[in-house]
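Shown next: upload-v2.cif, containing mmCIF, C-alpha atoms.
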```cif
data_run
#
loop_
_atom_site.label_atom_id
_atom_site.label_comp_id
_atom_site.auth_asym_id
_atom_site.auth_seq_id
_atom_site.Cartn_x
_atom_site.Cartn_y
_atom_site.Cartn_z
CA MET A 1 94.67 136.11 -85.71
CA ALA A 2 96.19 136.51 -82.29
CA ASP A 3 93.98 136.36 -79.25
CA LYS A 4 94.11 139.07 -76.62
CA PHE A 5 94.03 137.21 -73.37
CA ASN A 6 96.37 137.29 -70.37
CA SER A 7 96.91 133.98 -68.61
CA LEU A 8 96.92 133.94 -64.83
CA LYS A 9 100.71 133.55 -64.85
CA GLU A 10 101.09 136.55 -67.17
CA LEU A 11 98.83 138.62 -64.93
CA GLU A 12 100.76 137.60 -61.83
CA GLU A 13 104.06 138.60 -63.46
CA LEU A 14 102.63 141.86 -64.81
CA PHE A 15 101.29 142.98 -61.43
CA TYR A 16 104.47 141.75 -59.75
CA ASP A 17 106.54 144.04 -62.02
CA LEU A 18 104.09 146.90 -61.52
CA THR A 19 104.13 146.55 -57.73
CA VAL A 20 107.93 146.37 -57.55
CA SER A 21 108.25 149.51 -59.71
CA LEU A 22 105.62 151.45 -57.74
CA ILE A 23 107.10 150.65 -54.33
CA GLY A 24 110.64 151.12 -55.63
CA GLY A 25 113.71 151.31 -53.40
CA SER A 26 116.77 149.17 -53.08
CA PRO A 27 117.02 146.28 -52.49
CA GLU A 28 114.00 145.34 -54.55
CA PRO A 29 110.86 145.16 -52.39
CA GLU A 30 109.63 141.71 -51.42
CA VAL A 31 106.49 140.95 -53.42
CA ARG A 32 104.98 137.47 -53.39
CA GLN A 33 102.14 135.66 -55.08
CA SER A 34 99.43 134.25 -52.83
CA TRP A 35 98.19 130.67 -52.82
CA PRO A 36 101.41 128.74 -53.61
CA THR A 37 100.62 125.06 -54.13
CA GLN A 38 103.29 123.70 -51.79
CA GLY A 39 103.28 126.66 -49.40
CA GLN A 40 106.14 129.13 -49.13
CA PRO A 41 108.43 130.35 -46.36
CA GLY A 42 106.90 132.83 -43.98
CA PHE A 43 108.20 136.19 -42.78
CA THR A 44 108.97 137.89 -39.51
CA VAL A 45 107.36 140.88 -37.84
CA GLU A 46 110.21 143.11 -39.11
CA ASP A 47 109.90 142.04 -42.76
CA ASN A 48 108.02 144.13 -45.30
CA VAL A 49 106.24 141.81 -47.72
CA ALA A 50 103.44 142.50 -50.20
CA PHE A 51 101.20 139.64 -51.32
CA LEU A 52 99.22 139.69 -54.56
CA LYS A 53 95.80 138.15 -55.08
CA ILE A 54 94.18 138.25 -58.50
CA TYR A 55 90.66 137.19 -59.39
CA ASP A 56 87.66 138.11 -61.58
CA ILE A 57 84.76 140.06 -60.18
CA PRO A 58 81.41 140.99 -61.75
CA SER A 59 80.91 144.57 -62.89
CA ALA A 60 78.54 146.65 -65.02
CA ILE A 61 80.39 145.79 -68.22
CA THR A 62 81.34 142.13 -67.82
CA GLU A 63 78.12 140.68 -69.24
CA GLN A 64 78.09 142.19 -72.72
CA GLN A 65 79.84 140.25 -75.47
CA GLU A 66 80.37 141.26 -79.06
CA THR A 67 80.76 138.84 -81.94
CA LYS A 68 82.24 140.13 -85.17
CA PHE A 69 82.62 138.19 -88.43
CA GLU A 70 85.73 139.14 -90.40
CA TYR A 71 86.78 138.33 -93.95
CA MET A 72 89.95 136.20 -94.14
CA GLU A 73 90.68 136.09 -97.88
CA SER A 74 89.50 132.51 -97.98
CA PRO A 75 86.51 131.09 -99.87
CA GLU A 76 85.92 128.58 -97.08
CA TYR A 77 86.68 130.27 -93.80
CA TYR A 78 86.02 133.52 -91.98
CA ASN A 79 87.20 134.77 -88.62
CA GLU A 80 84.78 134.92 -85.73
CA LYS A 81 86.05 137.43 -83.20
CA ILE A 82 84.51 137.42 -79.75
CA SER A 83 85.24 140.45 -77.58
CA TYR A 84 84.29 141.20 -74.03
CA THR A 85 85.63 142.91 -70.93
CA ARG A 86 86.53 141.16 -67.75
CA THR A 87 87.05 143.00 -64.50
CA LEU A 88 90.01 141.94 -62.41
CA ASN A 89 90.29 142.59 -58.71
CA ILE A 90 93.86 143.02 -57.57
CA SER A 91 94.29 142.74 -53.86
CA TRP A 92 97.53 143.87 -52.23
CA ILE A 93 97.96 142.49 -48.72
CA ILE A 94 101.01 144.16 -47.25
CA TYR A 95 102.73 143.23 -44.00
CA GLY A 96 105.53 144.95 -42.14
CA PRO A 97 106.52 148.27 -40.56
CA SER A 98 106.34 149.97 -43.99
CA SER A 99 103.03 148.39 -45.03
CA TRP A 100 100.99 151.60 -44.82
CA GLU A 101 103.67 153.52 -46.73
CA TRP A 102 103.86 150.84 -49.43
CA ALA A 103 100.08 150.82 -49.85
CA THR A 104 100.10 154.61 -50.17
CA LYS A 105 102.79 154.44 -52.87
CA ILE A 106 100.71 151.97 -54.88
CA ARG A 107 97.57 154.05 -54.34
CA TYR A 108 99.01 157.21 -55.94
CA GLY A 109 101.56 155.55 -58.23
CA ILE A 110 98.91 153.56 -60.04
CA TYR A 111 97.97 156.83 -61.82
CA TYR A 112 101.51 157.42 -63.14
CA GLN A 113 101.78 157.45 -66.91
CA GLU A 114 104.31 154.58 -66.81
CA ALA A 115 101.85 152.42 -64.86
CA HIS A 116 99.08 153.27 -67.32
CA ASP A 117 101.30 152.46 -70.30
CA LEU A 118 102.52 149.17 -68.86
CA LEU A 119 98.95 148.04 -68.23
CA ALA A 120 97.64 149.39 -71.54
CA ARG A 121 100.22 147.33 -73.44
CA ASN A 122 98.46 144.34 -71.92
CA ASN A 123 94.92 145.67 -72.64
CA ILE A 124 94.32 146.47 -68.96
CA TYR A 125 92.90 149.77 -67.68
CA ILE A 126 92.26 150.95 -64.14
CA VAL A 127 88.76 151.45 -62.76
CA PRO A 128 89.45 154.77 -61.05
CA SER A 129 87.16 154.26 -58.11
CA PHE A 130 88.51 152.38 -55.14
CA ASP A 131 88.72 152.58 -51.37
CA PRO A 132 91.84 153.98 -49.68
CA PRO A 133 94.34 151.58 -48.06
CA ARG A 134 92.92 149.90 -44.98
CA ARG A 135 95.23 149.48 -42.00
CA ILE A 136 94.38 146.30 -40.10
CA PRO A 137 97.21 145.09 -37.86
CA GLU A 138 96.83 141.47 -36.77
CA ILE A 139 98.12 139.64 -33.76
CA TRP A 140 100.24 136.52 -34.19
CA ALA A 141 102.05 134.73 -31.38
CA GLY A 142 101.91 137.70 -29.02
CA LEU A 143 103.05 140.30 -31.54
CA TRP A 144 101.01 142.77 -33.54
CA TYR A 145 101.96 142.51 -37.21
CA GLU A 146 101.42 145.73 -39.15
CA ARG A 147 99.16 145.04 -42.13
CA CYS A 148 97.60 147.26 -44.76
CA ASP A 149 95.26 146.12 -47.54
CA LEU A 150 94.50 147.81 -50.84
CA GLU A 151 92.11 146.64 -53.55
CA ILE A 152 91.86 148.10 -57.03
CA SER A 153 89.83 146.86 -60.00
CA PHE A 154 90.96 146.85 -63.61
CA ASN A 155 89.15 146.19 -66.87
CA GLU A 156 90.81 143.89 -69.36
CA LEU A 157 89.81 143.58 -73.00
CA ILE A 158 89.54 139.94 -74.05
CA GLN A 159 89.47 138.99 -77.73
CA ILE A 160 89.20 135.40 -78.86
CA ASN A 161 89.37 134.40 -82.53
CA ARG A 162 88.31 131.24 -84.24
CA GLU A 163 88.01 130.11 -87.82
CA SER A 164 84.48 129.28 -88.92
CA HIS A 165 83.15 127.77 -92.14
CA TYR A 166 81.01 129.70 -94.57
CA VAL A 167 77.73 128.04 -95.54
CA GLU A 168 78.74 126.33 -98.80
CA LYS A 169 75.38 125.12 -99.94
CA VAL A 170 71.87 124.69 -98.62
CA PRO A 171 69.84 121.64 -99.70
CA VAL A 172 66.11 122.39 -100.05
CA VAL A 173 63.51 119.65 -100.59
CA VAL A 174 60.06 120.53 -101.99
CA VAL A 175 57.30 117.93 -101.62
CA ASP A 176 53.97 118.54 -103.42
CA GLU A 177 50.53 117.10 -102.64
CA ASN A 178 51.27 114.03 -104.80
CA ASN A 179 54.35 113.38 -102.79
CA ILE A 180 56.65 114.30 -105.63
CA ARG A 181 59.96 115.45 -104.25
CA THR A 182 62.17 118.04 -105.81
CA GLU A 183 65.59 118.76 -104.45
CA ILE A 184 67.17 122.15 -104.92
CA ILE A 185 70.74 122.96 -103.96
CA ILE A 186 71.38 126.59 -103.26
CA ASN A 187 75.06 127.28 -103.69
CA LYS A 188 76.89 130.18 -102.17
CA MET B 1 119.63 114.25 -19.32
CA ILE B 2 118.43 110.86 -20.31
CA SER B 3 118.69 110.10 -24.03
CA LEU B 4 115.81 108.19 -25.59
CA GLU B 5 117.74 107.68 -28.81
CA GLU B 6 118.16 103.96 -28.23
CA ILE B 7 114.39 103.56 -27.94
CA ILE B 8 113.89 105.34 -31.28
CA LEU B 9 116.35 102.88 -32.87
CA ASP B 10 115.11 99.82 -30.98
CA PRO B 11 114.61 97.00 -33.51
CA ASP B 12 111.16 96.35 -32.03
CA PHE B 13 109.98 99.81 -33.11
CA VAL B 14 112.28 101.11 -35.80
CA THR B 15 111.27 101.55 -39.40
CA LYS B 16 112.69 103.37 -42.40
CA PHE B 17 111.27 106.47 -44.05
CA LEU B 18 112.43 109.25 -46.32
CA ILE B 19 112.65 112.93 -45.39
CA ILE B 20 112.14 115.19 -48.40
CA ARG B 21 113.62 118.61 -47.71
CA THR B 22 113.25 121.38 -50.24
CA LYS B 23 114.99 124.68 -50.63
CA GLY B 24 114.17 127.35 -53.12
CA GLU B 25 113.96 130.99 -53.98
CA PHE B 26 111.39 133.56 -55.01
CA VAL B 27 111.21 134.22 -58.74
CA LYS B 28 108.82 137.02 -59.70
CA GLY B 29 107.15 136.54 -56.35
CA ARG B 30 106.63 132.84 -56.88
CA TRP B 31 108.33 130.25 -54.64
CA VAL B 32 110.39 127.97 -56.88
CA GLN B 33 112.00 124.84 -55.49
CA THR B 34 115.65 124.72 -56.51
CA ASP B 35 116.99 121.91 -54.39
CA ILE B 36 115.24 118.75 -53.25
CA GLU B 37 117.18 116.66 -50.76
CA GLU B 38 116.05 113.11 -49.99
CA ILE B 39 117.31 111.87 -46.63
CA PRO B 40 116.67 108.21 -45.73
CA VAL B 41 116.38 107.84 -41.96
CA TYR B 42 115.53 105.26 -39.33
CA GLY B 43 112.91 106.14 -36.74
CA ILE B 44 109.44 105.33 -35.53
CA ALA B 45 106.19 105.90 -37.42
CA THR B 46 102.85 105.49 -35.66
CA PRO B 47 99.35 106.69 -36.48
CA VAL B 48 97.90 109.76 -34.77
CA SER B 49 94.47 109.43 -36.30
CA SER B 50 92.55 107.08 -38.51
CA ARG B 51 92.54 107.49 -42.27
CA ASP B 52 89.33 109.40 -42.76
CA LEU B 53 87.21 109.52 -45.84
CA ASN B 54 85.95 112.94 -46.89
CA GLN B 55 83.23 112.31 -49.41
CA LEU B 56 82.96 115.61 -51.28
CA PRO B 57 80.74 116.41 -54.26
CA GLU B 58 83.89 116.64 -56.41
CA GLY B 59 85.27 113.28 -55.30
CA ASP B 60 86.59 111.35 -52.36
CA ARG B 61 89.56 112.51 -50.36
CA ILE B 62 91.47 110.81 -47.60
CA SER B 63 92.96 112.61 -44.66
CA GLY B 64 95.11 111.28 -41.86
CA LEU B 65 97.92 112.11 -39.46
CA MET B 66 101.07 110.17 -38.56
CA ASN B 67 103.66 110.54 -35.80
CA PHE B 68 107.32 110.43 -36.82
CA TYR B 69 110.23 110.11 -34.42
CA THR B 70 113.85 110.57 -35.45
CA ILE B 71 117.09 110.69 -33.53
CA LYS B 72 118.82 113.93 -32.54
CA LYS B 73 121.15 114.09 -35.57
CA GLU B 74 118.19 113.88 -38.01
CA PRO B 75 116.21 117.07 -37.27
CA LEU B 76 112.79 117.63 -38.77
CA TYR B 77 111.93 121.08 -40.12
CA LEU B 78 108.86 123.20 -40.46
CA THR B 79 108.83 126.21 -42.76
CA ARG B 80 111.82 128.44 -42.17
CA THR B 81 112.95 131.89 -43.21
CA GLY B 82 116.35 133.51 -43.45
CA VAL B 83 119.54 132.05 -44.90
CA ASP B 84 118.36 128.46 -45.07
CA GLU B 85 114.96 129.35 -46.49
CA GLY B 86 112.59 126.49 -47.21
CA ILE B 87 109.18 125.01 -46.66
CA SER B 88 108.15 122.24 -44.28
CA ASP B 89 109.68 118.80 -44.73
CA GLN B 90 107.69 116.02 -46.28
CA ILE B 91 108.05 112.40 -45.25
CA LEU B 92 107.52 109.48 -47.59
CA TYR B 93 106.41 106.48 -45.60
CA ASP B 94 104.73 103.37 -46.94
CA ASN B 95 104.33 105.07 -50.37
CA ILE B 96 102.35 107.93 -48.87
CA TYR B 97 103.56 111.53 -48.51
CA TYR B 98 103.07 113.43 -45.26
CA LYS B 99 103.65 117.15 -44.82
CA LEU B 100 104.95 118.09 -41.39
CA LYS B 101 102.48 120.24 -39.48
CA SER B 102 104.01 120.14 -36.04
CA VAL B 103 107.53 119.49 -34.69
CA GLU B 104 108.42 118.96 -31.04
CA PRO B 105 112.11 119.68 -30.39
CA TRP B 106 112.92 116.97 -27.84
CA GLU B 107 116.54 117.36 -28.92
CA PRO B 108 117.93 117.49 -25.34
CA PHE B 109 116.40 114.05 -24.85
CA GLY B 110 117.94 112.71 -28.05
CA TYR B 111 115.06 112.76 -30.46
CA TRP B 112 112.62 114.76 -32.60
CA HIS B 113 108.90 114.20 -32.79
CA ALA B 114 106.76 115.48 -35.65
CA ILE B 115 103.20 115.10 -36.83
CA GLY B 116 102.65 114.82 -40.56
CA GLU B 117 99.45 115.20 -42.52
CA ARG B 118 98.75 112.92 -45.46
CA ILE B 119 98.86 114.86 -48.74
CA LYS B 120 98.22 114.26 -52.42
CA GLY B 121 94.64 113.20 -51.84
CA ALA B 122 93.54 109.59 -51.94
#
```
Any chance you could give the structure as structure tokens?
Amino acid sequence: MADKFNSLKELEELFYDLTVSLIGGSPEPEVRQSWPTQGQPGFTVEDNVAFLKIYDIPSAITEQQETKFEYMESPEYYNEKISYTRTLNISWIIYGPSSWEWATKIRYGIYYQEAHDLLARNNIYIVPSFDPPRRIPEIWAGLWYERCDLEISFNELIQINRESHYVEKVPVVVVDENNIRTEIIINK
Amino acid sequence: MISLEEIILDPDFVTKFLIIRTKGEFVKGRWVQTDIEEIPVYGIATPVSSRDLNQLPEGDRISGLMNFYTIKKEPLYLTRTGVDEGISDQILYDNIYYKLKSVEPWEPFGYWHAIGERIKGA
């Protein structure tokens, strides 16, 4: 049975596509992943660039885990399905003259039906409680760079399957007071 | 202006190293290297700092800085945006890679000076 589990790369591409569609416009908005191994080219004070950061955070529903045993039409194996929810924190760090406007577009666009459907197809659902965009310009080399941050959490359903063996037989040994042993095999 | 190029190429100082220059493009927001150019050059390589041991709980790491000098026609690049977009040059010297952290454009005096930081751990 197929697992439900988005890899980090899949999440990065999903939220990249979502961000590009929410900001919209032509040419396509510049959206970049954070933490590139080798580094990546920078940007100027005039450029509008959104950076994505993705990581797990604890929440009220991340601790519970459900284990379900499912019949697999096999006399030897059954499916053990483990389900739990992980909470993802998506952080948009947006630079440029349009940074506040971009953050606002993401803030209201995240409730669009298309955004919901795109995320739901990947078992991800918004936690509809988050702070508004935070404008925090920063100074670099004598210039103030416009910057606006937005953080939204999402719950993702994780399902992991594995094949497990049924108990085929149980050996039982009975030893009486005279040390006489009797072995009993209990078959399935 | 005086040109110090002949000092950079003086047989008493000169050595050979490799500049590794990468270009690339953003694909789904991820920087992907599309072109890696290896440029063998003659210049001077001297230490800036000692090779330092960082003994971390997860394992040992070595850090260190090197000076690199090249002549005017062999520029050294830090990260750059625009048409010729790319990340900082790396230099392979004595089987160790250094990522350029600082470049001094002494071009009018016939040379470039850069400081590279040892990468790829121990």
Residues selected by the PyMOL selection byres ((chain A) within 8 of (chain B)), written as a list in words: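 Residues picked by the PyMOL selection byres ((chain A) within 8 of (chain B)): Glu13, Tyr16, Asp17, Glu30, Val31, Arg32, Gln33, Pro36, Gln38, Gly39, Gln40, Pro41, Gly42 and Phe43 of chain A.
The list of residues with at least one atom within 10 Å of Tyr112 of chain A, based on all atoms listed in the file and without residues fewer than 5 positions apart in the same chain, reads Leu22, Ile106 and Asp117 of chain A.
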Around (111.9, 112.8, -32.4) in the file's own coordinates, what residues are found within 10 Å if you use all atoms listed in the file, given back as a PyMOL selection string? chain B and resi 4-5+8+43-44+67-76+103-107+109-114
Name the residues in contact with Pro97 of chain A at a cut-off of 8 Å, using all atoms listed in the file, excluding same-chain residues fewer than 3 positions from it; report them as a CSV table (one decimal) with C-alpha atoms, in the coordinates of the input.
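So the final result, stored in selection-v8.csv, reads:
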```csv
chain,number,residue,atom,x,y,z
A,45,VAL,CA,107.4,140.9,-37.8
A,46,GLU,CA,110.2,143.1,-39.1
A,47,ASP,CA,109.9,142.0,-42.8
A,48,ASN,CA,108.0,144.1,-45.3
A,100,TRP,CA,101.0,151.6,-44.8
A,146,GLU,CA,101.4,145.7,-39.2
```
With a distance cut-off of 8 Å and all atoms listed in the file, select the neighbouring residues of Asp131 of chain A, excluding the residue or stretch itself and same-chain residues fewer than 2 positions from it, and output the selection as a list in words. Ser129, Pro133, Leu150, Glu151 and Ile152 of chain A
For segment 66-92 of chain B, which lacks atoms in the input, supply N, CA and C atoms and format the output as an mmCIF file, in the coordinates of the input.
```cif
data_model
loop_
_atom_site.group_PDB
_atom_site.id
_atom_site.type_symbol
_atom_site.label_atom_id
_atom_site.label_comp_id
_atom_site.auth_asym_id
_atom_site.auth_seq_id
_atom_site.Cartn_x
_atom_site.Cartn_y
_atom_site.Cartn_z
ATOM 1 N N MET B 66 100.120 111.175 -39.053
ATOM 2 C CA MET B 66 101.070 110.170 -38.560
ATOM 3 C C MET B 66 102.101 110.858 -37.658
ATOM 4 N N ASN B 67 102.534 110.125 -36.637
ATOM 5 C CA ASN B 67 103.660 110.540 -35.800
ATOM 6 C C ASN B 67 104.962 110.056 -36.425
ATOM 7 N N PHE B 68 105.984 110.879 -36.392
ATOM 8 C CA PHE B 68 107.320 110.430 -36.820
ATOM 9 C C PHE B 68 108.323 110.816 -35.748
ATOM 10 N N TYR B 69 109.171 109.859 -35.395
ATOM 11 C CA TYR B 69 110.230 110.110 -34.420
ATOM 12 C C TYR B 69 111.571 109.844 -35.094
ATOM 13 N N THR B 70 112.497 110.780 -34.937
ATOM 14 C CA THR B 70 113.850 110.570 -35.450
ATOM 15 C C THR B 70 114.848 110.887 -34.351
ATOM 16 N N ILE B 71 116.066 110.420 -34.551
ATOM 17 C CA ILE B 71 117.090 110.690 -33.530
ATOM 18 C C ILE B 71 117.627 112.115 -33.676
ATOM 19 N N LYS B 72 118.345 112.546 -32.655
ATOM 20 C CA LYS B 72 118.820 113.930 -32.540
ATOM 21 C C LYS B 72 119.516 114.449 -33.791
ATOM 22 N N LYS B 73 120.360 113.593 -34.436
ATOM 23 C CA LYS B 73 121.150 114.090 -35.570
ATOM 24 C C LYS B 73 120.329 114.168 -36.870
ATOM 25 N N GLU B 74 119.056 113.793 -36.821
ATOM 26 C CA GLU B 74 118.190 113.880 -38.010
ATOM 27 C C GLU B 74 117.030 114.825 -37.712
ATOM 28 N N PRO B 75 117.286 116.130 -37.634
ATOM 29 C CA PRO B 75 116.210 117.070 -37.270
ATOM 30 C C PRO B 75 115.112 117.119 -38.323
ATOM 31 N N LEU B 76 113.946 117.481 -37.875
ATOM 32 C CA LEU B 76 112.790 117.630 -38.770
ATOM 33 C C LEU B 76 112.410 119.109 -38.791
ATOM 34 N N TYR B 77 112.132 119.633 -39.977
ATOM 35 C CA TYR B 77 111.930 121.080 -40.120
ATOM 36 C C TYR B 77 110.512 121.436 -40.539
ATOM 37 N N LEU B 78 110.033 122.512 -39.929
ATOM 38 C CA LEU B 78 108.860 123.200 -40.460
ATOM 39 C C LEU B 78 109.352 124.313 -41.360
ATOM 40 N N THR B 79 108.429 125.097 -41.891
ATOM 41 C CA THR B 79 108.830 126.210 -42.760
ATOM 42 C C THR B 79 109.833 127.096 -42.046
ATOM 43 N N ARG B 80 110.778 127.635 -42.800
ATOM 44 C CA ARG B 80 111.820 128.440 -42.170
ATOM 45 C C ARG B 80 112.231 129.587 -43.076
ATOM 46 N N THR B 81 112.546 130.706 -42.456
ATOM 47 C CA THR B 81 112.950 131.890 -43.210
ATOM 48 C C THR B 81 114.424 132.146 -42.972
ATOM 49 N N GLY B 82 114.964 133.123 -43.664
ATOM 50 C CA GLY B 82 116.350 133.510 -43.450
ATOM 51 C C GLY B 82 117.288 132.870 -44.447
ATOM 52 N N VAL B 83 118.494 132.550 -43.997
ATOM 53 C CA VAL B 83 119.540 132.050 -44.900
ATOM 54 C C VAL B 83 119.157 130.699 -45.494
ATOM 55 N N ASP B 84 118.703 129.809 -44.627
ATOM 56 C CA ASP B 84 118.360 128.460 -45.070
ATOM 57 C C ASP B 84 116.864 128.363 -45.340
ATOM 58 N N GLU B 85 116.388 129.218 -46.265
ATOM 59 C CA GLU B 85 114.960 129.350 -46.490
ATOM 60 C C GLU B 85 114.364 128.087 -47.123
ATOM 61 N N GLY B 86 113.221 127.675 -46.638
ATOM 62 C CA GLY B 86 112.590 126.490 -47.210
ATOM 63 C C GLY B 86 111.209 126.285 -46.623
ATOM 64 N N ILE B 87 110.508 125.315 -47.188
ATOM 65 C CA ILE B 87 109.180 125.010 -46.660
ATOM 66 C C ILE B 87 109.258 123.735 -45.820
ATOM 67 N N SER B 88 108.156 123.374 -45.201
ATOM 68 C CA SER B 88 108.150 122.240 -44.280
ATOM 69 C C SER B 88 108.591 120.946 -44.973
ATOM 70 N N ASP B 89 109.267 120.107 -44.209
ATOM 71 C CA ASP B 89 109.680 118.800 -44.730
ATOM 72 C C ASP B 89 108.455 117.957 -45.071
ATOM 73 N N GLN B 90 108.671 117.079 -46.036
ATOM 74 C CA GLN B 90 107.690 116.020 -46.280
ATOM 75 C C GLN B 90 108.354 114.702 -45.923
ATOM 76 N N ILE B 91 107.528 113.736 -45.534
ATOM 77 C CA ILE B 91 108.050 112.400 -45.250
ATOM 78 C C ILE B 91 107.313 111.404 -46.128
ATOM 79 N N LEU B 92 108.101 110.558 -46.787
ATOM 80 C CA LEU B 92 107.520 109.480 -47.590
ATOM 81 C C LEU B 92 107.601 108.206 -46.771
#
```
